[in-house]
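As provided, entry-v7.pdb (PDB, C-alpha atoms) reads as follows.
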ATOM      1  CA  MET X   1       0.000   0.000   0.000
ATOM      2  CA  ASP X   2       0.975   3.603  -0.521
ATOM      3  CA  LYS X   3       3.534   5.230   1.826
ATOM      4  CA  GLU X   4       1.365   8.322   1.899
ATOM      5  CA  LEU X   5      -1.409   6.673   3.845
ATOM      6  CA  ASN X   6      -1.523   7.281   7.551
ATOM      7  CA  LYS X   7      -2.259   4.814  10.320
ATOM      8  CA  ILE X   8      -6.058   4.969  10.045
ATOM      9  CA  LEU X   9      -6.117   4.048   6.370
ATOM     10  CA  LYS X  10      -3.455   1.360   6.893
ATOM     11  CA  GLU X  11      -5.538  -0.157   9.679
ATOM     12  CA  THR X  12      -8.661  -0.173   7.537
ATOM     13  CA  GLY X  13      -6.788  -1.873   4.713
ATOM     14  CA  ASN X  14      -7.713  -2.077   1.048
ATOM     15  CA  ARG X  15      -9.733  -5.299   1.075
ATOM     16  CA  ASN X  16     -12.667  -5.206  -1.327
ATOM     17  CA  PRO X  17     -15.757  -5.129   0.946
ATOM     18  CA  PHE X  18     -18.267  -5.785  -1.838
ATOM     19  CA  THR X  19     -19.618  -9.150  -2.913
ATOM     20  CA  VAL X  20     -21.672 -10.477  -5.839
ATOM     21  CA  PRO X  21     -24.463 -13.078  -6.109
ATOM     22  CA  GLU X  22     -23.344 -16.671  -6.574
ATOM     23  CA  ASN X  23     -22.190 -17.555 -10.129
ATOM     24  CA  TYR X  24     -22.709 -13.948 -11.151
ATOM     25  CA  PHE X  25     -19.712 -13.733 -13.492
ATOM     26  CA  GLU X  26     -20.434 -17.090 -15.201
ATOM     27  CA  ASN X  27     -24.009 -15.996 -15.858
ATOM     28  CA  PHE X  28     -22.978 -12.513 -16.920
ATOM     29  CA  ALA X  29     -20.650 -13.811 -19.637
ATOM     30  CA  VAL X  30     -23.405 -16.103 -20.990
ATOM     31  CA  GLU X  31     -25.855 -13.187 -20.992
ATOM     32  CA  ILE X  32     -23.455 -11.063 -23.048
ATOM     33  CA  ASP X  33     -22.910 -13.980 -25.480
ATOM     34  CA  THR X  34     -26.692 -14.154 -25.990
ATOM     35  CA  LYS X  35     -26.955 -10.399 -26.500
ATOM     36  CA  ILE X  36     -24.161 -10.438 -29.079
ATOM     37  CA  GLY X  37     -25.848 -13.328 -30.907
ATOM     38  CA  LYS X  38     -29.158 -11.460 -30.992
ATOM     39  CA  ASP X  39     -27.381  -8.303 -32.045
ATOM     40  CA  ARG X  40     -25.771 -10.093 -35.004
ATOM     41  CA  LEU X  41     -29.157 -11.461 -36.023
ATOM     42  CA  SER X  42     -30.868  -8.145 -35.611
ATOM     43  CA  VAL X  43     -28.297  -6.433 -37.865
ATOM     44  CA  LYS X  44     -29.166  -8.916 -40.614
ATOM     45  CA  LYS X  45     -32.863  -8.423 -39.934
ATOM     46  CA  LEU X  46     -32.454  -4.674 -40.045
ATOM     47  CA  LEU X  47     -30.579  -4.798 -43.338
ATOM     48  CA  LYS X  48     -32.977  -7.191 -45.108
ATOM     49  CA  PRO X  49     -35.885  -4.792 -45.812
ATOM     50  CA  TRP X  50     -33.460  -2.118 -46.981
ATOM     51  CA  LEU X  51     -31.847  -4.571 -49.368
ATOM     52  CA  TYR X  52     -35.278  -5.532 -50.743
ATOM     53  CA  LEU X  53     -36.199  -1.870 -51.150
ATOM     54  CA  ALA X  54     -32.908  -1.121 -52.922
ATOM     55  CA  ALA X  55     -33.448  -4.104 -55.271
ATOM     56  CA  MET X  56     -36.981  -2.862 -56.034
ATOM     57  CA  PHE X  57     -35.682   0.612 -56.928
ATOM     58  CA  VAL X  58     -32.970  -0.835 -59.180
ATOM     59  CA  GLY X  59     -35.641  -2.975 -60.925
ATOM     60  CA  LEU X  60     -37.937   0.025 -61.397
ATOM     61  CA  PHE X  61     -35.079   2.120 -62.753
ATOM     62  CA  LEU X  62     -34.102  -0.534 -65.316
ATOM     63  CA  MET X  63     -37.726  -1.035 -66.393
ATOM     64  CA  GLY X  64     -38.164   2.712 -66.692
ATOM     65  CA  ASN X  65     -35.095   2.901 -68.920
ATOM     66  CA  VAL X  66     -36.442   0.172 -71.211
ATOM     67  CA  PHE X  67     -39.903   1.816 -71.464
ATOM     68  CA  TYR X  68     -38.389   5.215 -72.142
ATOM     69  CA  ALA X  69     -36.169   3.844 -74.914
ATOM     70  CA  VAL X  70     -39.164   2.094 -76.550
ATOM     71  CA  TYR X  71     -41.298   5.245 -76.233
ATOM     72  CA  GLN X  72     -38.608   7.439 -77.795
ATOM     73  CA  ASN X  73     -38.174   4.987 -80.652
ATOM     74  CA  ASN X  74     -41.929   4.908 -81.341
ATOM     75  CA  ARG X  75     -42.129   8.686 -81.315
ATOM     76  CA  LYS X  76     -39.343   8.944 -83.878
ATOM     77  CA  MET X  77     -40.994   6.343 -86.082
ATOM     78  CA  ASP X  78     -44.360   8.172 -85.840
ATOM     79  CA  ALA X  79     -42.744  11.455 -86.819
ATOM     80  CA  ASP X  80     -41.046   9.868 -89.842
ATOM     81  CA  LEU X  81     -44.278   8.226 -90.950
ATOM     82  CA  TYR X  82     -46.236  11.492 -90.545
ATOM     83  CA  GLU X  83     -43.734  13.375 -92.683
ATOM     84  CA  MET X  84     -43.945  10.737 -95.395
ATOM     85  CA  TYR X  85     -47.768  10.894 -95.247
ATOM     86  CA  VAL X  86     -47.841  14.716 -95.534
ATOM     87  CA  MET X  87     -45.456  14.669 -98.457
ATOM     88  CA  SER X  88     -47.552  12.071-100.242
ATOM     89  CA  GLN X  89     -50.668  14.253 -99.918
ATOM     90  CA  ILE X  90     -49.148  17.362-101.461
ATOM     91  CA  ASP X  91     -49.420  18.033-105.172
ATOM     92  CA  GLN X  92     -45.887  18.162-106.589
ATOM     93  CA  THR X  93     -46.686  21.221-108.793
ATOM     94  CA  VAL X  94     -47.771  23.185-105.738
ATOM     95  CA  VAL X  95     -44.557  22.259-104.056
ATOM     96  CA  LEU X  96     -42.547  23.470-107.022
ATOM     97  CA  ASP X  97     -44.476  26.768-106.987
ATOM     98  CA  TYR X  98     -43.793  27.147-103.313
ATOM     99  CA  TYR X  99     -40.012  26.828-103.601
ATOM    100  CA  PRO X 100     -38.391  30.222-104.149
ATOM    101  CA  VAL X 101     -37.289  30.934-107.676
ATOM    102  CA  GLU X 102     -33.566  31.523-108.082
ATOM    103  CA  SER X 103     -32.702  35.177-108.749
ATOM    104  CA  ASP X 104     -30.951  34.235-112.049
ATOM    105  CA  ASP X 105     -34.328  33.162-113.461
ATOM    106  CA  TYR X 106     -35.567  36.782-113.483
ATOM    107  CA  GLU X 107     -32.748  38.041-115.464
TER
ATOM    108  CA  MET Z   1       1.103 -13.872 -20.793
ATOM    109  CA  ALA Z   2      -1.786 -11.419 -20.682
ATOM    110  CA  ASP Z   3      -0.126  -9.463 -23.522
ATOM    111  CA  ILE Z   4       0.089 -12.571 -25.716
ATOM    112  CA  GLU Z   5      -3.550 -13.347 -24.972
ATOM    113  CA  GLU Z   6      -4.534  -9.740 -25.761
ATOM    114  CA  HIS Z   7      -2.622  -9.892 -29.044
ATOM    115  CA  ASN Z   8      -4.368 -13.150 -30.026
ATOM    116  CA  ILE Z   9      -7.773 -11.767 -29.143
ATOM    117  CA  LEU Z  10      -7.067  -8.567 -31.064
ATOM    118  CA  SER Z  11      -6.229 -10.458 -34.255
ATOM    119  CA  GLN Z  12      -9.451 -12.477 -33.891
ATOM    120  CA  LEU Z  13     -11.537  -9.394 -33.134
ATOM    121  CA  VAL Z  14     -10.782  -7.795 -36.498
ATOM    122  CA  ASN Z  15     -11.957 -10.884 -38.382
ATOM    123  CA  PRO Z  16     -15.788 -10.867 -38.793
ATOM    124  CA  LYS Z  17     -15.823 -14.685 -38.721
ATOM    125  CA  THR Z  18     -14.106 -14.933 -35.339
ATOM    126  CA  ASN Z  19     -14.993 -11.635 -33.659
ATOM    127  CA  ALA Z  20     -17.991 -12.937 -31.672
ATOM    128  CA  GLN Z  21     -15.931 -15.781 -30.212
ATOM    129  CA  ALA Z  22     -13.021 -13.454 -29.461
ATOM    130  CA  PHE Z  23     -15.326 -10.945 -27.816
ATOM    131  CA  SER Z  24     -16.737 -13.694 -25.634
ATOM    132  CA  LYS Z  25     -13.165 -14.449 -24.489
ATOM    133  CA  LEU Z  26     -12.617 -10.753 -23.868
ATOM    134  CA  VAL Z  27     -15.700 -10.572 -21.645
ATOM    135  CA  ARG Z  28     -14.484 -13.521 -19.593
ATOM    136  CA  LEU Z  29     -11.014 -12.006 -19.300
ATOM    137  CA  TYR Z  30     -12.020  -8.514 -18.168
ATOM    138  CA  GLN Z  31     -15.511  -8.715 -16.681
ATOM    139  CA  GLU Z  32     -14.360  -9.053 -13.065
ATOM    140  CA  ARG Z  33     -11.829  -6.207 -13.182
ATOM    141  CA  LEU Z  34     -14.294  -3.887 -14.900
ATOM    142  CA  TYR Z  35     -17.134  -4.908 -12.608
ATOM    143  CA  TRP Z  36     -15.155  -3.954  -9.484
ATOM    144  CA  HIS Z  37     -13.995  -0.743 -11.115
ATOM    145  CA  ILE Z  38     -17.645   0.216 -11.744
ATOM    146  CA  ARG Z  39     -19.038  -1.207  -8.508
ATOM    147  CA  LYS Z  40     -16.752   0.905  -6.318
ATOM    148  CA  MET Z  41     -18.211   3.984  -7.978
ATOM    149  CA  VAL Z  42     -21.925   3.117  -8.176
ATOM    150  CA  LEU Z  43     -21.886   0.928  -5.012
ATOM    151  CA  SER Z  44     -25.047  -1.066  -5.754
ATOM    152  CA  HIS Z  45     -24.716  -4.451  -7.454
ATOM    153  CA  GLU Z  46     -27.774  -3.894  -9.676
ATOM    154  CA  ASP Z  47     -26.420  -0.586 -10.981
ATOM    155  CA  ALA Z  48     -22.941  -2.040 -11.497
ATOM    156  CA  ASN Z  49     -24.478  -4.896 -13.489
ATOM    157  CA  ASP Z  50     -26.369  -2.446 -15.744
ATOM    158  CA  VAL Z  51     -23.302  -0.280 -16.313
ATOM    159  CA  LEU Z  52     -21.114  -3.321 -17.039
ATOM    160  CA  GLN Z  53     -23.622  -4.596 -19.624
ATOM    161  CA  ASN Z  54     -23.677  -1.168 -21.287
ATOM    162  CA  THR Z  55     -19.881  -1.125 -21.251
ATOM    163  CA  PHE Z  56     -19.547  -4.425 -23.099
ATOM    164  CA  MET Z  57     -22.344  -3.623 -25.565
ATOM    165  CA  LYS Z  58     -20.698  -0.256 -26.324
ATOM    166  CA  ALA Z  59     -17.387  -2.052 -26.826
ATOM    167  CA  TRP Z  60     -19.037  -4.631 -29.122
ATOM    168  CA  ASN Z  61     -20.747  -1.962 -31.206
ATOM    169  CA  GLY Z  62     -17.580   0.131 -31.352
ATOM    170  CA  LEU Z  63     -15.303  -2.751 -32.277
ATOM    171  CA  ALA Z  64     -14.834  -1.421 -35.827
ATOM    172  CA  GLY Z  65     -13.526   1.848 -34.410
ATOM    173  CA  PHE Z  66     -10.884   0.206 -32.204
ATOM    174  CA  ARG Z  67      -7.586   0.566 -34.041
ATOM    175  CA  GLY Z  68      -5.385  -1.120 -31.482
ATOM    176  CA  GLU Z  69      -3.513   2.092 -30.684
ATOM    177  CA  SER Z  70      -3.993   1.441 -26.969
ATOM    178  CA  GLN Z  71      -4.230  -1.855 -25.109
ATOM    179  CA  ILE Z  72      -7.650  -3.545 -25.148
ATOM    180  CA  SER Z  73      -7.756  -3.332 -21.348
ATOM    181  CA  THR Z  74      -7.157   0.440 -21.449
ATOM    182  CA  TRP Z  75      -9.853   0.842 -24.095
ATOM    183  CA  LEU Z  76     -12.341  -1.186 -22.018
ATOM    184  CA  TYR Z  77     -11.459   0.678 -18.800
ATOM    185  CA  ARG Z  78     -12.034   3.951 -20.637
ATOM    186  CA  ILE Z  79     -15.493   2.854 -21.825
ATOM    187  CA  ALA Z  80     -16.372   1.568 -18.354
ATOM    188  CA  THR Z  81     -15.242   4.842 -16.750
ATOM    189  CA  ASN Z  82     -17.259   6.945 -19.207
ATOM    190  CA  GLU Z  83     -20.325   4.745 -18.761
ATOM    191  CA  THR Z  84     -20.003   5.002 -14.971
ATOM    192  CA  LEU Z  85     -19.684   8.789 -15.009
ATOM    193  CA  THR Z  86     -22.635   9.061 -17.430
ATOM    194  CA  PHE Z  87     -24.682   6.806 -15.168
ATOM    195  CA  LEU Z  88     -23.905   8.979 -12.128
ATOM    196  CA  THR Z  89     -24.681  12.172 -14.059
ATOM    197  CA  ASN Z  90     -28.045  10.756 -15.171
ATOM    198  CA  LYS Z  91     -28.765   9.697 -11.622
ATOM    199  CA  ARG Z  92     -27.943  13.223 -10.460
ATOM    200  CA  MET Z  93     -30.240  14.718 -13.142
ATOM    201  CA  ARG Z  94     -33.108  12.391 -12.231
ATOM    202  CA  ASN Z  95     -32.637  13.234  -8.583
ATOM    203  CA  ILE Z  96     -32.330  16.995  -9.023
ATOM    204  CA  SER Z  97     -35.673  17.688  -7.381
ATOM    205  CA  GLY Z  98     -35.197  14.994  -4.745
ATOM    206  CA  ILE Z  99     -34.483  15.506  -1.061
ATOM    207  CA  ASP Z 100     -31.052  13.879  -1.058
ATOM    208  CA  ASP Z 101     -28.061  14.504  -3.276
ATOM    209  CA  VAL Z 102     -26.657  11.572  -5.250
ATOM    210  CA  GLU Z 103     -23.990  10.861  -2.647
ATOM    211  CA  GLY Z 104     -26.710  10.664   0.011
ATOM    212  CA  LEU Z 105     -28.697   8.378  -2.249
ATOM    213  CA  LEU Z 106     -25.648   6.165  -2.859
ATOM    214  CA  LEU Z 107     -24.942   6.034   0.856
ATOM    215  CA  GLY Z 108     -28.529   4.932   1.522
ATOM    216  CA  GLN Z 109     -28.153   2.236  -1.154
ATOM    217  CA  LEU Z 110     -24.861   1.105   0.362
ATOM    218  CA  GLN Z 111     -26.333   0.767   3.835
ATOM    219  CA  ALA Z 112     -29.195  -1.321   2.426
ATOM    220  CA  GLU Z 113     -26.909  -3.301   0.096
ATOM    221  CA  THR Z 114     -27.164  -7.076   0.434
ATOM    222  CA  TYR Z 115     -23.878  -7.677  -1.324
ATOM    223  CA  PHE Z 116     -21.619  -5.862   1.126
ATOM    224  CA  SER Z 117     -19.485  -7.845   3.526
ATOM    225  CA  GLY Z 118     -17.402  -5.020   4.978
ATOM    226  CA  ASN Z 119     -16.882  -4.424   8.683
ATOM    227  CA  GLU Z 120     -17.587  -1.151  10.498
ATOM    228  CA  ALA Z 121     -14.236   0.388   9.562
ATOM    229  CA  GLU Z 122     -14.707  -0.517   5.906
ATOM    230  CA  MET Z 123     -18.194   0.988   5.915
ATOM    231  CA  LYS Z 124     -16.735   4.188   7.406
ATOM    232  CA  LEU Z 125     -14.085   4.229   4.690
ATOM    233  CA  GLN Z 126     -16.776   3.905   2.000
ATOM    234  CA  LYS Z 127     -18.667   6.802   3.585
ATOM    235  CA  ALA Z 128     -15.470   8.862   3.594
ATOM    236  CA  ILE Z 129     -14.842   8.051  -0.079
ATOM    237  CA  LEU Z 130     -18.375   9.199  -0.868
ATOM    238  CA  THR Z 131     -17.532  12.689   0.377
ATOM    239  CA  LEU Z 132     -15.013  13.092  -2.456
ATOM    240  CA  PRO Z 133     -15.789  14.610  -5.861
ATOM    241  CA  GLU Z 134     -16.375  11.922  -8.540
ATOM    242  CA  LYS Z 135     -13.005  12.275 -10.297
ATOM    243  CA  GLN Z 136     -11.118  12.094  -6.974
ATOM    244  CA  ARG Z 137     -13.180   9.075  -6.000
ATOM    245  CA  LEU Z 138     -12.221   7.412  -9.245
ATOM    246  CA  VAL Z 139      -8.525   8.137  -8.765
ATOM    247  CA  PHE Z 140      -8.570   7.041  -5.125
ATOM    248  CA  ASN Z 141     -10.326   3.735  -5.897
ATOM    249  CA  MET Z 142      -8.029   2.921  -8.796
ATOM    250  CA  LYS Z 143      -4.896   3.586  -6.749
ATOM    251  CA  TYR Z 144      -5.928   2.394  -3.295
ATOM    252  CA  PHE Z 145      -8.045  -0.681  -4.094
ATOM    253  CA  ASP Z 146      -6.959  -1.710  -7.604
ATOM    254  CA  ASP Z 147      -3.305  -0.764  -7.069
ATOM    255  CA  LEU Z 148      -3.000   0.623 -10.605
ATOM    256  CA  THR Z 149       0.120   2.622 -11.437
ATOM    257  CA  TYR Z 150      -0.167   6.326 -12.246
ATOM    258  CA  GLU Z 151       0.979   5.532 -15.785
ATOM    259  CA  GLU Z 152      -1.863   3.038 -16.273
ATOM    260  CA  MET Z 153      -4.311   5.553 -14.832
ATOM    261  CA  GLU Z 154      -2.920   8.247 -17.116
ATOM    262  CA  ASN Z 155      -3.829   6.154 -20.185
ATOM    263  CA  ILE Z 156      -7.291   5.317 -18.905
ATOM    264  CA  LEU Z 157      -8.325   8.707 -17.551
ATOM    265  CA  GLU Z 158      -6.293  10.722 -20.071
ATOM    266  CA  THR Z 159      -4.990  12.910 -17.233
ATOM    267  CA  SER Z 160      -1.324  13.683 -16.563
ATOM    268  CA  VAL Z 161       0.568  11.768 -13.874
ATOM    269  CA  GLY Z 162       1.156  15.024 -11.980
ATOM    270  CA  ALA Z 163      -2.546  15.839 -11.867
ATOM    271  CA  LEU Z 164      -3.367  12.278 -10.798
ATOM    272  CA  LYS Z 165      -0.803  12.397  -7.977
ATOM    273  CA  ALA Z 166      -2.242  15.698  -6.780
ATOM    274  CA  SER Z 167      -5.775  14.332  -6.980
ATOM    275  CA  TYR Z 168      -4.837  11.211  -4.994
ATOM    276  CA  HIS Z 169      -2.985  13.286  -2.385
ATOM    277  CA  HIS Z 170      -6.054  15.522  -1.853
ATOM    278  CA  ALA Z 171      -8.335  12.495  -1.687
ATOM    279  CA  VAL Z 172      -6.167  10.807   0.968
ATOM    280  CA  LYS Z 173      -6.052  13.985   3.063
ATOM    281  CA  LYS Z 174      -9.845  14.407   2.929
ATOM    282  CA  ILE Z 175     -10.458  10.760   3.812
ATOM    283  CA  GLU Z 176      -8.017  10.865   6.705
ATOM    284  CA  LYS Z 177      -9.654  14.043   8.008
ATOM    285  CA  TYR Z 178     -13.091  12.407   7.766
ATOM    286  CA  LEU Z 179     -11.937   9.220   9.496
ATOM    287  CA  THR Z 180     -10.109  11.118  12.260
ATOM    288  CA  GLU Z 181     -13.206  13.202  12.968
ATOM    289  CA  GLU Z 182     -15.372  10.086  12.967
ATOM    290  CA  LYS Z 183     -13.009   8.444  15.468
ATOM    291  CA  VAL Z 184     -13.211  11.448  17.819
ATOM    292  CA  THR Z 185     -17.009  11.699  17.732
TER
END
Can the structure from this file be put into structure tokens for me?
Amino acid sequence: MDKELNKILKETGNRNPFTVPENYFENFAVEIDTKIGKDRLSVKKLLKPWLYLAAMFVGLFLMGNVFYAVYQNNRKMDADLYEMYVMSQIDQTVVLDYYPVESDDYE
Amino acid sequence: MADIEEHNILSQLVNPKTNAQAFSKLVRLYQERLYWHIRKMVLSHEDANDVLQNTFMKAWNGLAGFRGESQISTWLYRIATNETLTFLTNKRMRNISGIDDVEGLLLGQLQAETYFSGNEAEMKLQKAILTLPEKQRLVFNMKYFDDLTYEEMENILETSVGALKASYHHAVKKIEKYLTEEKVT
């Protein structure tokens, strides 16, 4: 014990006056093992719904991409077809009249 | 021997496949030391049990953050000390409107404690220790009962050796004064 302590403290001594219930430490260690086991399980359980949600979003994103690509393609095809249709309906002579006459032609 | 064991446990703790088993070993290796460290501060067995459980669960959850810069025992002691001081602060906050202060409450708990086998002198010593501020109590217990060196305490409490020596010196003087007065009355 420390030199600094006087007679009273030396007489009292530094014995640990506290006690614990029987088998406390054996049971405590087992309790912590159980908690750790549950904790490991609960981490997996906690992650599972988030993983499902993330997978769902990835699926939706990919499907969205496919639908968008198809939609864009259809729109382009429609526009091409409409142009062809309009051109087929116009009288070619009217079209020729519509085009501006080159300035040389007036001379 | 303990160092070799600590080194083995440390290498197993960083591996996710073996960390649960290694942590279980760690609990068995340090639970008694940490329990007594906490118990001498909170005095009641029930409270010490709660704080010890929190200590190990905090350590388990913070395992990824432990880089091995200090010894495992120092790291665990630090968590246990912080948990104990937090527990006492919360107790003080809960009891702010109560009749007794926390020290009075702890003393009442100690006198009613089933798991106390001390004689009259030891009870008086515990009462004297309770008159100290928390940090001094911590330093006194670690030096007087656990016989830790100032260097070990410096790592755990992150306080300089000089400050620890001064703190212990003041604590001893206050306790001696209390015990002398008790003897006279």
Worksheet item: Could you list, as a ChimeraX atom specification, every residue of chain X that has an atom within 7 Å of an atom of chain Z, counting all atoms listed in the file?
Response: /X:5,12,14,17-20,29,33
Write out as a compact mmCIF listing (two decimals) with C-alpha atoms, keeping the file's coordinate frame which residues come within 12 Å of Z:Glu152 when counting all atoms listed in the file, dropping same-chain ones fewer than 2 positions away.
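Final output, out-v9.txt:
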# COMPACT_ATOMS: atom_id res chain seq x y z
CA SER Z 70 -3.99 1.44 -26.97
CA GLN Z 71 -4.23 -1.86 -25.11
CA SER Z 73 -7.76 -3.33 -21.35
CA THR Z 74 -7.16 0.44 -21.45
CA TRP Z 75 -9.85 0.84 -24.10
CA TYR Z 77 -11.46 0.68 -18.80
CA ARG Z 78 -12.03 3.95 -20.64
CA VAL Z 139 -8.52 8.14 -8.76
CA MET Z 142 -8.03 2.92 -8.80
CA LYS Z 143 -4.90 3.59 -6.75
CA ASP Z 146 -6.96 -1.71 -7.60
CA ASP Z 147 -3.30 -0.76 -7.07
CA LEU Z 148 -3.00 0.62 -10.60
CA THR Z 149 0.12 2.62 -11.44
CA TYR Z 150 -0.17 6.33 -12.25
CA GLU Z 154 -2.92 8.25 -17.12
CA ASN Z 155 -3.83 6.15 -20.18
CA ILE Z 156 -7.29 5.32 -18.90
CA LEU Z 157 -8.32 8.71 -17.55
CA GLU Z 158 -6.29 10.72 -20.07
CA THR Z 159 -4.99 12.91 -17.23
CA SER Z 160 -1.32 13.68 -16.56
CA VAL Z 161 0.57 11.77 -13.87
CA LEU Z 164 -3.37 12.28 -10.80
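Proximity of Z:Met41, Z:Met153, Z:Val14, Z:Ala166 to Z:Val102, computed with all atoms listed in the file, is greatest for Z:Met41.
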Work out how far atom CA of Z:Gly108 is from atom CA of Z:Phe87, in Å to one decimal.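 Atom CA of Z:Gly108 lies 17.2 Å from atom CA of Z:Phe87.
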Report task. Mind giving me the straight-line distance from atom CA of Z:Thr55 to atom CA of Z:Ile38 in Å, one decimal? Result ->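 A separation of 9.9 Å between them.
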Between atom CA of Z:Glu182 and atom CA of Z:Ser167 lies a distance of 22.5 Å
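Counting all atoms listed in the file and comparing Z:Asn8, Z:Thr131, Z:Thr84, Z:Thr89, the residue that lies closest to Z:Glu103 is Z:Thr131.
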So for stretch 48-63 of chain Z, what box centre and size do we get, axis-aligned, 8 Å extra on each of the six sides, every listed atom, Å to one decimal, as lines of an AutoDock Vina configuration file?
center_x = -20.8
center_y = -2.4
center_z = -21.9
size_x = 27.1
size_y = 21.0
size_z = 36.8
Completion of stretch 59-72 of chain Z up to N, CA and C atoms, as a short mmCIF file (atom, residue, chain, number, x, y, z; two decimals), in the coordinates of the input:
data_model
loop_
_atom_site.label_atom_id
_atom_site.label_comp_id
_atom_site.auth_asym_id
_atom_site.auth_seq_id
_atom_site.Cartn_x
_atom_site.Cartn_y
_atom_site.Cartn_z
N ALA Z 59 -18.65 -1.55 -26.27
CA ALA Z 59 -17.39 -2.05 -26.83
C ALA Z 59 -17.67 -2.90 -28.07
N TRP Z 60 -18.67 -3.75 -27.99
CA TRP Z 60 -19.04 -4.63 -29.12
C TRP Z 60 -19.44 -3.80 -30.34
N ASN Z 61 -20.28 -2.80 -30.10
CA ASN Z 61 -20.75 -1.96 -31.21
C ASN Z 61 -19.65 -1.04 -31.75
N GLY Z 62 -18.65 -0.76 -30.91
CA GLY Z 62 -17.58 0.13 -31.35
C GLY Z 62 -16.33 -0.61 -31.77
N LEU Z 63 -16.46 -1.91 -31.94
CA LEU Z 63 -15.30 -2.75 -32.28
C LEU Z 63 -14.60 -2.28 -33.56
N ALA Z 64 -15.41 -1.87 -34.54
CA ALA Z 64 -14.83 -1.42 -35.83
C ALA Z 64 -13.97 -0.18 -35.65
N GLY Z 65 -14.27 0.61 -34.63
CA GLY Z 65 -13.53 1.85 -34.41
C GLY Z 65 -12.26 1.66 -33.58
N PHE Z 66 -12.08 0.46 -33.02
CA PHE Z 66 -10.88 0.21 -32.20
C PHE Z 66 -9.71 -0.13 -33.10
N ARG Z 67 -8.71 0.74 -33.10
CA ARG Z 67 -7.59 0.57 -34.04
C ARG Z 67 -6.37 -0.09 -33.39
N GLY Z 68 -6.49 -0.44 -32.15
CA GLY Z 68 -5.38 -1.12 -31.48
C GLY Z 68 -4.26 -0.18 -31.08
N GLU Z 69 -4.56 1.13 -31.07
CA GLU Z 69 -3.51 2.09 -30.68
C GLU Z 69 -3.22 2.01 -29.18
N SER Z 70 -4.22 1.67 -28.40
CA SER Z 70 -3.99 1.44 -26.97
C SER Z 70 -4.28 -0.04 -26.68
N GLN Z 71 -3.95 -0.47 -25.47
CA GLN Z 71 -4.23 -1.86 -25.11
C GLN Z 71 -5.75 -2.05 -25.01
N ILE Z 72 -6.21 -3.28 -25.24
CA ILE Z 72 -7.65 -3.54 -25.15
C ILE Z 72 -8.15 -3.20 -23.74
#
